[in-house]
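Colleague: Sharing entry.cif, mmCIF, C-alpha atoms, pLDDT in the B column; chains and numbers go by the auth columns:
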data_target
loop_
_atom_site.group_PDB
_atom_site.id
_atom_site.type_symbol
_atom_site.label_atom_id
_atom_site.label_comp_id
_atom_site.label_asym_id
_atom_site.label_seq_id
_atom_site.Cartn_x
_atom_site.Cartn_y
_atom_site.Cartn_z
_atom_site.B_iso_or_equiv
_atom_site.auth_seq_id
_atom_site.auth_asym_id
ATOM 1 C CA MET A 1 0.000 0.000 0.000 50.00 19 A
ATOM 2 C CA GLU A 2 2.747 2.263 0.591 57.00 20 A
ATOM 3 C CA LYS A 3 3.812 1.812 -2.976 59.00 21 A
ATOM 4 C CA LEU A 4 0.380 2.634 -4.057 51.00 22 A
ATOM 5 C CA ILE A 5 0.403 5.741 -1.971 54.00 23 A
ATOM 6 C CA GLU A 6 3.837 6.592 -3.322 54.00 24 A
ATOM 7 C CA GLN A 7 2.678 6.008 -6.863 53.00 25 A
ATOM 8 C CA PHE A 8 -0.524 7.768 -6.216 57.00 26 A
ATOM 9 C CA SER A 9 1.325 10.613 -4.633 69.00 27 A
ATOM 10 C CA PHE A 10 3.799 10.780 -7.426 72.00 28 A
ATOM 11 C CA GLY A 11 1.102 10.588 -10.052 77.00 29 A
ATOM 12 C CA LEU A 12 -0.972 13.213 -8.266 82.00 30 A
ATOM 13 C CA PHE A 13 2.045 15.401 -7.966 84.00 31 A
ATOM 14 C CA PHE A 14 2.829 14.975 -11.637 87.00 32 A
ATOM 15 C CA TRP A 15 -0.706 15.850 -12.702 87.00 33 A
ATOM 16 C CA GLN A 16 -0.838 18.806 -10.383 90.00 34 A
ATOM 17 C CA LEU A 17 2.466 20.035 -11.722 91.00 35 A
ATOM 18 C CA LEU A 18 1.311 19.505 -15.277 93.00 36 A
ATOM 19 C CA LEU A 19 -1.939 21.345 -14.626 94.00 37 A
ATOM 20 C CA PHE A 20 -0.075 24.115 -12.861 93.00 38 A
ATOM 21 C CA ILE A 21 2.269 24.553 -15.835 94.00 39 A
ATOM 22 C CA ALA A 22 -0.700 24.431 -18.220 92.00 40 A
ATOM 23 C CA VAL A 23 -2.529 27.096 -16.177 90.00 41 A
ATOM 24 C CA LEU A 24 0.630 29.169 -16.160 86.00 42 A
ATOM 25 C CA LEU A 25 0.960 28.869 -19.935 88.00 43 A
ATOM 26 C CA LEU A 26 -2.680 29.717 -20.436 86.00 44 A
ATOM 27 C CA LEU A 27 -2.405 32.622 -18.054 83.00 45 A
ATOM 28 C CA ARG A 28 0.747 33.771 -19.795 81.00 46 A
ATOM 29 C CA LYS A 29 -0.820 33.554 -23.214 82.00 47 A
ATOM 30 C CA PHE A 30 -4.203 35.066 -22.374 84.00 48 A
ATOM 31 C CA ALA A 31 -4.100 36.825 -19.009 82.00 49 A
ATOM 32 C CA TRP A 32 -0.489 37.791 -18.371 79.00 50 A
ATOM 33 C CA LYS A 33 -0.340 40.534 -21.030 81.00 51 A
ATOM 34 C CA PRO A 34 -3.634 42.216 -19.969 83.00 52 A
ATOM 35 C CA ILE A 35 -2.590 41.953 -16.315 83.00 53 A
ATOM 36 C CA LEU A 36 0.850 43.445 -17.086 83.00 54 A
ATOM 37 C CA ASP A 37 -0.773 46.092 -19.283 86.00 55 A
ATOM 38 C CA ALA A 38 -3.175 46.969 -16.464 88.00 56 A
ATOM 39 C CA VAL A 39 -0.273 47.107 -13.982 90.00 57 A
ATOM 40 C CA GLU A 40 1.774 49.229 -16.404 92.00 58 A
ATOM 41 C CA ASP A 41 -1.227 51.489 -17.056 92.00 59 A
ATOM 42 C CA ARG A 42 -1.731 51.848 -13.320 93.00 60 A
ATOM 43 C CA GLU A 43 1.976 52.503 -12.824 94.00 61 A
ATOM 44 C CA SER A 44 2.060 55.107 -15.610 94.00 62 A
ATOM 45 C CA GLY A 45 -1.139 56.629 -14.203 92.00 63 A
ATOM 46 C CA ILE A 46 0.484 56.888 -10.788 94.00 64 A
ATOM 47 C CA LYS A 47 3.665 58.337 -12.362 95.00 65 A
ATOM 48 C CA ASP A 48 1.571 60.852 -14.321 94.00 66 A
ATOM 49 C CA ALA A 49 -0.368 61.768 -11.206 92.00 67 A
ATOM 50 C CA LEU A 50 2.885 62.213 -9.263 94.00 68 A
ATOM 51 C CA ALA A 51 4.342 64.304 -12.098 94.00 69 A
ATOM 52 C CA ALA A 52 1.153 66.385 -12.265 93.00 70 A
ATOM 53 C CA ALA A 53 1.272 66.842 -8.495 92.00 71 A
ATOM 54 C CA GLU A 54 4.924 67.875 -8.715 94.00 72 A
ATOM 55 C CA ASN A 55 4.107 70.287 -11.553 94.00 73 A
ATOM 56 C CA ALA A 56 1.203 71.668 -9.569 92.00 74 A
ATOM 57 C CA LYS A 57 3.508 72.067 -6.568 93.00 75 A
ATOM 58 C CA LYS A 58 6.071 73.896 -8.725 93.00 76 A
ATOM 59 C CA GLU A 59 3.360 76.081 -10.255 92.00 77 A
ATOM 60 C CA MET A 60 2.042 76.841 -6.791 92.00 78 A
ATOM 61 C CA GLN A 61 5.547 77.749 -5.645 92.00 79 A
ATOM 62 C CA ASN A 62 6.008 79.911 -8.747 90.00 80 A
ATOM 63 C CA ALA A 63 2.616 81.520 -8.198 89.00 81 A
ATOM 64 C CA THR A 64 3.481 82.119 -4.555 91.00 82 A
ATOM 65 C CA ALA A 65 6.862 83.562 -5.529 90.00 83 A
ATOM 66 C CA ASP A 66 5.201 85.722 -8.201 89.00 84 A
ATOM 67 C CA SER A 67 2.565 86.929 -5.788 90.00 85 A
ATOM 68 C CA GLU A 68 5.252 87.693 -3.183 92.00 86 A
ATOM 69 C CA ARG A 69 7.266 89.542 -5.818 93.00 87 A
ATOM 70 C CA LEU A 70 4.185 91.466 -6.951 92.00 88 A
ATOM 71 C CA LEU A 71 3.313 92.215 -3.349 93.00 89 A
ATOM 72 C CA GLN A 72 6.838 93.476 -2.706 95.00 90 A
ATOM 73 C CA GLU A 73 6.726 95.593 -5.872 95.00 91 A
ATOM 74 C CA ALA A 74 3.369 96.988 -4.769 94.00 92 A
ATOM 75 C CA ARG A 75 4.821 97.829 -1.347 95.00 93 A
ATOM 76 C CA VAL A 76 7.802 99.561 -2.929 95.00 94 A
ATOM 77 C CA GLU A 77 5.523 101.467 -5.300 95.00 95 A
ATOM 78 C CA ARG A 78 3.201 102.427 -2.428 95.00 96 A
ATOM 79 C CA GLU A 79 6.165 103.695 -0.400 95.00 97 A
ATOM 80 C CA ALA A 80 7.417 105.685 -3.395 95.00 98 A
ATOM 81 C CA MET A 81 3.955 107.197 -3.902 96.00 99 A
ATOM 82 C CA ILE A 82 3.666 108.071 -0.213 95.00 100 A
ATOM 83 C CA LYS A 83 7.141 109.633 -0.268 95.00 101 A
ATOM 84 C CA GLU A 84 6.280 111.607 -3.393 95.00 102 A
ATOM 85 C CA ALA A 85 2.995 112.767 -1.859 94.00 103 A
ATOM 86 C CA ARG A 86 4.815 113.884 1.301 95.00 104 A
ATOM 87 C CA GLU A 87 7.386 115.755 -0.747 95.00 105 A
ATOM 88 C CA MET A 88 4.621 117.417 -2.775 95.00 106 A
ATOM 89 C CA LYS A 89 2.783 118.342 0.433 94.00 107 A
ATOM 90 C CA GLU A 90 5.942 119.813 1.951 95.00 108 A
ATOM 91 C CA LYS A 91 6.664 121.744 -1.247 95.00 109 A
ATOM 92 C CA ILE A 92 3.101 123.069 -1.408 94.00 110 A
ATOM 93 C CA VAL A 93 3.216 124.076 2.263 93.00 111 A
ATOM 94 C CA ALA A 94 6.622 125.737 1.798 93.00 112 A
ATOM 95 C CA ASP A 95 5.412 127.532 -1.349 93.00 113 A
ATOM 96 C CA ALA A 96 2.281 128.684 0.472 91.00 114 A
ATOM 97 C CA LYS A 97 4.389 129.936 3.398 93.00 115 A
ATOM 98 C CA ASP A 98 6.739 131.758 1.022 93.00 116 A
ATOM 99 C CA LEU A 99 3.804 133.268 -0.853 93.00 117 A
ATOM 100 C CA ALA A 100 2.117 134.306 2.401 91.00 118 A
ATOM 101 C CA GLN A 101 5.382 135.803 3.666 93.00 119 A
ATOM 102 C CA ALA A 102 5.878 137.680 0.406 93.00 120 A
ATOM 103 C CA GLU A 103 2.286 138.987 0.543 92.00 121 A
ATOM 104 C CA ALA A 104 2.737 139.977 4.188 91.00 122 A
ATOM 105 C CA ASP A 105 6.010 141.754 3.381 93.00 123 A
ATOM 106 C CA LYS A 106 4.339 143.518 0.462 94.00 124 A
ATOM 107 C CA MET A 107 1.410 144.605 2.627 93.00 125 A
ATOM 108 C CA ILE A 108 3.778 145.808 5.372 94.00 126 A
ATOM 109 C CA LYS A 109 5.819 147.735 2.801 94.00 127 A
ATOM 110 C CA GLN A 110 2.652 149.305 1.370 94.00 128 A
ATOM 111 C CA ALA A 111 1.432 150.154 4.861 91.00 129 A
ATOM 112 C CA GLN A 112 4.803 151.721 5.713 93.00 130 A
ATOM 113 C CA LEU A 113 4.705 153.740 2.500 93.00 131 A
ATOM 114 C CA ALA A 114 1.132 154.805 3.203 92.00 132 A
ATOM 115 C CA ILE A 115 2.097 155.764 6.786 94.00 133 A
ATOM 116 C CA GLU A 116 5.119 157.708 5.539 93.00 134 A
ATOM 117 C CA SER A 117 3.001 159.453 2.919 93.00 135 A
ATOM 118 C CA GLU A 118 0.310 160.297 5.496 92.00 136 A
ATOM 119 C CA LYS A 119 3.027 161.486 7.908 92.00 137 A
ATOM 120 C CA LYS A 120 4.528 163.756 5.260 93.00 138 A
ATOM 121 C CA ALA A 121 1.073 165.069 4.362 91.00 139 A
ATOM 122 C CA ALA A 122 0.290 165.642 8.059 91.00 140 A
ATOM 123 C CA VAL A 123 3.637 167.435 8.609 90.00 141 A
ATOM 124 C CA ALA A 124 2.993 169.560 5.508 89.00 142 A
ATOM 125 C CA ASP A 125 -0.530 170.366 6.792 88.00 143 A
ATOM 126 C CA ILE A 126 0.862 171.234 10.214 88.00 144 A
ATOM 127 C CA LYS A 127 3.535 173.454 8.613 86.00 145 A
ATOM 128 C CA ASN A 128 0.878 175.186 6.509 86.00 146 A
ATOM 129 C CA GLU A 129 -1.346 175.578 9.554 84.00 147 A
ATOM 130 C CA VAL A 130 1.564 176.933 11.643 82.00 148 A
ATOM 131 C CA ALA A 131 2.527 179.311 8.832 81.00 149 A
ATOM 132 C CA THR A 132 -1.088 180.470 8.500 84.00 150 A
ATOM 133 C CA LEU A 133 -1.429 180.923 12.265 80.00 151 A
ATOM 134 C CA SER A 134 1.953 182.690 12.393 77.00 152 A
ATOM 135 C CA LEU A 135 0.842 185.063 9.654 79.00 153 A
ATOM 136 C CA GLU A 136 -2.456 185.721 11.411 78.00 154 A
ATOM 137 C CA ILE A 137 -0.672 186.331 14.703 76.00 155 A
ATOM 138 C CA ALA A 138 1.916 188.549 13.002 75.00 156 A
ATOM 139 C CA GLU A 139 -0.862 190.409 11.240 75.00 157 A
ATOM 140 C CA LYS A 140 -2.702 190.985 14.502 73.00 158 A
ATOM 141 C CA VAL A 141 0.496 192.066 16.255 72.00 159 A
ATOM 142 C CA ILE A 142 1.452 194.418 13.425 73.00 160 A
ATOM 143 C CA LYS A 143 -2.060 195.863 13.288 72.00 161 A
ATOM 144 C CA GLY A 144 -1.887 196.428 17.012 68.00 162 A
ATOM 145 C CA GLN A 145 1.480 198.132 16.729 65.00 163 A
ATOM 146 C CA PHE A 146 0.596 200.285 13.727 65.00 164 A
ATOM 147 C CA SER A 147 -2.683 201.439 15.067 68.00 165 A
ATOM 148 C CA ASP A 148 -0.908 204.062 17.116 71.00 166 A
ATOM 149 C CA LYS A 149 1.095 206.780 15.243 73.00 167 A
ATOM 150 C CA ALA A 150 3.685 207.133 17.972 73.00 168 A
ATOM 151 C CA LYS A 151 4.406 203.415 18.008 73.00 169 A
ATOM 152 C CA GLN A 152 4.864 203.477 14.240 71.00 170 A
ATOM 153 C CA MET A 153 7.429 206.239 14.423 76.00 171 A
ATOM 154 C CA LYS A 154 9.294 204.503 17.225 78.00 172 A
ATOM 155 C CA LEU A 155 9.433 201.248 15.221 72.00 173 A
ATOM 156 C CA VAL A 156 10.740 203.084 12.154 74.00 174 A
ATOM 157 C CA GLU A 157 13.460 204.761 14.186 80.00 175 A
ATOM 158 C CA GLU A 158 14.485 201.440 15.748 80.00 176 A
ATOM 159 C CA MET A 159 14.733 199.857 12.318 76.00 177 A
ATOM 160 C CA ILE A 160 16.813 202.714 11.013 81.00 178 A
ATOM 161 C CA GLY A 161 19.016 202.397 14.080 80.00 179 A
ATOM 162 C CA ASP A 162 19.425 198.672 13.485 77.00 180 A
ATOM 163 C CA ILE A 163 20.348 199.312 9.847 77.00 181 A
ATOM 164 C CA LYS A 164 23.007 201.845 10.840 72.00 182 A
ATOM 165 C CA LEU A 165 24.542 199.475 13.365 69.00 183 A
ATOM 166 C CA ASN A 166 24.825 196.635 10.926 59.00 184 A
#
Let's see the structure in the file written out as structure tokens.
Modeller:
Amino acid sequence: MEKLIEQFSFGLFFWQLLLFIAVLLLLRKFAWKPILDAVEDRESGIKDALAAAENAKKEMQNATADSERLLQEARVEREAMIKEAREMKEKIVADAKDLAQAEADKMIKQAQLAIESEKKAAVADIKNEVATLSLEIAEKVIKGQFSDKAKQMKLVEEMIGDIKLN
């Protein structure tokens, strides 16, 4: 019986091996290529997905770098605009101060000229008034002195005496 079991075992082993090889050949002929194609397709799909992810990552980094660069440029431009606006403001304020100072100086000069002119006119009026009053006073004094004949003769003699002395 042992021989039978050995033969049976060997025969079973042989048939199992033969069937296994036949299944392998059939699988290789009909299933191996589609399975390998499916595995290769899956592998290439995974590689493509990884490449697309890497490209997306690079594009995202580039976009981030571009946006940072644009943001920095915008900051620089904003600072330049603010600086320019400050400079313009300072120039406008300085120009306005200079213009106001010039106008003030002009008004002061005109006021001084007007004051000087009014002063000269007032002095001239006072001189005219003093001269007029002096003449009126002299006229009244002379009338008072010449109203009397004796006083007139005395004045004439004094004048003649003064002329002789000089």
Colleague: Please measure the separation of atom CA of Asp59 of chain A and atom CA of Leu43 of chain A, giving the value in Å to one decimal.
Modeller: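 Going from atom CA of Asp59 of chain A over to atom CA of Leu43 of chain A, I get 22.9 Å.
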Colleague: Distance atom CA of Lys161 of chain A-atom CA of Val174 of chain A, one decimal place?
Modeller: 14.7 Å
Colleague: Figure out the distance between atom CA of Glu176 of chain A and atom CA of Val159 of chain A, please, to one decimal in Å.
Modeller: 16.8 Å
Colleague: For the contact check between segment 81-104 of chain A and segment 63-76 of chain A, emit one row per residue of segment 81-104 of chain A within 12 Å, containing the shortest atom pair and the distance in Å rounded to one decimal, counting all atoms listed in the file, chain then rising number order, as a tab-separated table.
Modeller:
residue	atom	partner	partner_atom	distance
A:Ala81	CA	A:Lys76	CA	8.4
A:Thr82	CA	A:Lys76	CA	9.6
A:Ala83	CA	A:Lys76	CA	10.2
A:Asp84	CA	A:Lys76	CA	11.9
Colleague: For C-alpha atoms, I'd like the residues from the last selection saved as a tab-separated table (two decimals), in the coordinates of the input.
Modeller:
chain	number	residue	atom	x	y	z
A	81	ALA	CA	2.62	81.52	-8.20
A	82	THR	CA	3.48	82.12	-4.56
A	83	ALA	CA	6.86	83.56	-5.53
A	84	ASP	CA	5.20	85.72	-8.20
Colleague: Because some atoms of segment 114-139 of chain A are absent here, can you restore N, CA, C and O atoms and send them as a PDB file, in the frame of the given file?
Modeller:
ATOM      1  N   ALA A 114       3.353 127.869  -0.102  1.00 91.00           N
ATOM      2  CA  ALA A 114       2.281 128.684   0.472  1.00 91.00           C
ATOM      3  C   ALA A 114       2.839 129.607   1.552  1.00 91.00           C
ATOM      4  O   ALA A 114       2.457 130.782   1.635  1.00 91.00           O
ATOM      5  N   LYS A 115       3.764 129.090   2.376  1.00 93.00           N
ATOM      6  CA  LYS A 115       4.389 129.936   3.398  1.00 93.00           C
ATOM      7  C   LYS A 115       5.171 131.068   2.745  1.00 93.00           C
ATOM      8  O   LYS A 115       5.098 132.218   3.187  1.00 93.00           O
ATOM      9  N   ASP A 116       5.955 130.730   1.713  1.00 93.00           N
ATOM     10  CA  ASP A 116       6.739 131.758   1.022  1.00 93.00           C
ATOM     11  C   ASP A 116       5.829 132.808   0.406  1.00 93.00           C
ATOM     12  O   ASP A 116       6.094 134.013   0.500  1.00 93.00           O
ATOM     13  N   LEU A 117       4.748 132.339  -0.232  1.00 93.00           N
ATOM     14  CA  LEU A 117       3.804 133.268  -0.853  1.00 93.00           C
ATOM     15  C   LEU A 117       3.144 134.142   0.208  1.00 93.00           C
ATOM     16  O   LEU A 117       3.022 135.364   0.033  1.00 93.00           O
ATOM     17  N   ALA A 118       2.741 133.539   1.321  1.00 91.00           N
ATOM     18  CA  ALA A 118       2.117 134.306   2.401  1.00 91.00           C
ATOM     19  C   ALA A 118       3.107 135.308   2.979  1.00 91.00           C
ATOM     20  O   ALA A 118       2.744 136.461   3.268  1.00 91.00           O
ATOM     21  N   GLN A 119       4.361 134.889   3.150  1.00 93.00           N
ATOM     22  CA  GLN A 119       5.382 135.803   3.666  1.00 93.00           C
ATOM     23  C   GLN A 119       5.610 136.950   2.700  1.00 93.00           C
ATOM     24  O   GLN A 119       5.731 138.108   3.109  1.00 93.00           O
ATOM     25  N   ALA A 120       5.675 136.635   1.410  1.00 93.00           N
ATOM     26  CA  ALA A 120       5.878 137.680   0.406  1.00 93.00           C
ATOM     27  C   ALA A 120       4.694 138.652   0.408  1.00 93.00           C
ATOM     28  O   ALA A 120       4.887 139.878   0.335  1.00 93.00           O
ATOM     29  N   GLU A 121       3.473 138.127   0.494  1.00 92.00           N
ATOM     30  CA  GLU A 121       2.286 138.987   0.543  1.00 92.00           C
ATOM     31  C   GLU A 121       2.300 139.845   1.804  1.00 92.00           C
ATOM     32  O   GLU A 121       1.980 141.037   1.760  1.00 92.00           O
ATOM     33  N   ALA A 122       2.678 139.226   2.933  1.00 91.00           N
ATOM     34  CA  ALA A 122       2.737 139.977   4.188  1.00 91.00           C
ATOM     35  C   ALA A 122       3.785 141.091   4.094  1.00 91.00           C
ATOM     36  O   ALA A 122       3.534 142.237   4.508  1.00 91.00           O
ATOM     37  N   ASP A 123       4.961 140.749   3.546  1.00 93.00           N
ATOM     38  CA  ASP A 123       6.010 141.754   3.381  1.00 93.00           C
ATOM     39  C   ASP A 123       5.544 142.881   2.464  1.00 93.00           C
ATOM     40  O   ASP A 123       5.801 144.065   2.737  1.00 93.00           O
ATOM     41  N   LYS A 124       4.852 142.522   1.405  1.00 94.00           N
ATOM     42  CA  LYS A 124       4.339 143.518   0.462  1.00 94.00           C
ATOM     43  C   LYS A 124       3.315 144.420   1.148  1.00 94.00           C
ATOM     44  O   LYS A 124       3.350 145.648   0.985  1.00 94.00           O
ATOM     45  N   MET A 125       2.423 143.816   1.930  1.00 93.00           N
ATOM     46  CA  MET A 125       1.410 144.605   2.627  1.00 93.00           C
ATOM     47  C   MET A 125       2.063 145.515   3.666  1.00 93.00           C
ATOM     48  O   MET A 125       1.663 146.685   3.822  1.00 93.00           O
ATOM     49  N   ILE A 126       3.072 144.991   4.380  1.00 94.00           N
ATOM     50  CA  ILE A 126       3.778 145.808   5.372  1.00 94.00           C
ATOM     51  C   ILE A 126       4.473 146.974   4.677  1.00 94.00           C
ATOM     52  O   ILE A 126       4.429 148.113   5.145  1.00 94.00           O
ATOM     53  N   LYS A 127       5.117 146.684   3.551  1.00 94.00           N
ATOM     54  CA  LYS A 127       5.819 147.735   2.801  1.00 94.00           C
ATOM     55  C   LYS A 127       4.828 148.798   2.335  1.00 94.00           C
ATOM     56  O   LYS A 127       5.095 149.996   2.467  1.00 94.00           O
ATOM     57  N   GLN A 128       3.666 148.349   1.808  1.00 94.00           N
ATOM     58  CA  GLN A 128       2.652 149.305   1.370  1.00 94.00           C
ATOM     59  C   GLN A 128       2.116 150.122   2.546  1.00 94.00           C
ATOM     60  O   GLN A 128       1.897 151.327   2.422  1.00 94.00           O
ATOM     61  N   ALA A 129       1.923 149.445   3.679  1.00 91.00           N
ATOM     62  CA  ALA A 129       1.432 150.154   4.861  1.00 91.00           C
ATOM     63  C   ALA A 129       2.462 151.172   5.330  1.00 91.00           C
ATOM     64  O   ALA A 129       2.105 152.306   5.698  1.00 91.00           O
ATOM     65  N   GLN A 130       3.757 150.783   5.316  1.00 93.00           N
ATOM     66  CA  GLN A 130       4.803 151.721   5.713  1.00 93.00           C
ATOM     67  C   GLN A 130       4.847 152.915   4.765  1.00 93.00           C
ATOM     68  O   GLN A 130       5.010 154.060   5.208  1.00 93.00           O
ATOM     69  N   LEU A 131       4.720 152.640   3.468  1.00 93.00           N
ATOM     70  CA  LEU A 131       4.705 153.740   2.500  1.00 93.00           C
ATOM     71  C   LEU A 131       3.497 154.642   2.720  1.00 93.00           C
ATOM     72  O   LEU A 131       3.603 155.887   2.651  1.00 93.00           O
ATOM     73  N   ALA A 132       2.341 154.008   2.961  1.00 92.00           N
ATOM     74  CA  ALA A 132       1.132 154.805   3.203  1.00 92.00           C
ATOM     75  C   ALA A 132       1.296 155.633   4.480  1.00 92.00           C
ATOM     76  O   ALA A 132       0.917 156.820   4.513  1.00 92.00           O
ATOM     77  N   ILE A 133       1.870 155.036   5.528  1.00 94.00           N
ATOM     78  CA  ILE A 133       2.097 155.764   6.786  1.00 94.00           C
ATOM     79  C   ILE A 133       3.064 156.925   6.553  1.00 94.00           C
ATOM     80  O   ILE A 133       2.833 158.045   7.028  1.00 94.00           O
ATOM     81  N   GLU A 134       4.140 156.651   5.829  1.00 93.00           N
ATOM     82  CA  GLU A 134       5.119 157.708   5.539  1.00 93.00           C
ATOM     83  C   GLU A 134       4.482 158.834   4.733  1.00 93.00           C
ATOM     84  O   GLU A 134       4.713 160.022   5.018  1.00 93.00           O
ATOM     85  N   SER A 135       3.688 158.450   3.743  1.00 93.00           N
ATOM     86  CA  SER A 135       3.001 159.453   2.919  1.00 93.00           C
ATOM     87  C   SER A 135       2.038 160.279   3.766  1.00 93.00           C
ATOM     88  O   SER A 135       1.996 161.509   3.651  1.00 93.00           O
ATOM     89  N   GLU A 136       1.252 159.591   4.615  1.00 92.00           N
ATOM     90  CA  GLU A 136       0.310 160.297   5.496  1.00 92.00           C
ATOM     91  C   GLU A 136       1.072 161.192   6.482  1.00 92.00           C
ATOM     92  O   GLU A 136       0.634 162.301   6.789  1.00 92.00           O
ATOM     93  N   LYS A 137       2.222 160.704   6.974  1.00 92.00           N
ATOM     94  CA  LYS A 137       3.027 161.486   7.908  1.00 92.00           C
ATOM     95  C   LYS A 137       3.525 162.766   7.241  1.00 92.00           C
ATOM     96  O   LYS A 137       3.455 163.854   7.823  1.00 92.00           O
ATOM     97  N   LYS A 138       4.037 162.580   5.993  1.00 93.00           N
ATOM     98  CA  LYS A 138       4.528 163.756   5.260  1.00 93.00           C
ATOM     99  C   LYS A 138       3.393 164.734   4.990  1.00 93.00           C
ATOM    100  O   LYS A 138       3.571 165.957   5.129  1.00 93.00           O
ATOM    101  N   ALA A 139       2.230 164.196   4.618  1.00 91.00           N
ATOM    102  CA  ALA A 139       1.073 165.069   4.362  1.00 91.00           C
ATOM    103  C   ALA A 139       0.656 165.781   5.643  1.00 91.00           C
ATOM    104  O   ALA A 139       0.332 166.984   5.635  1.00 91.00           O
TER     105      ALA A 139
END
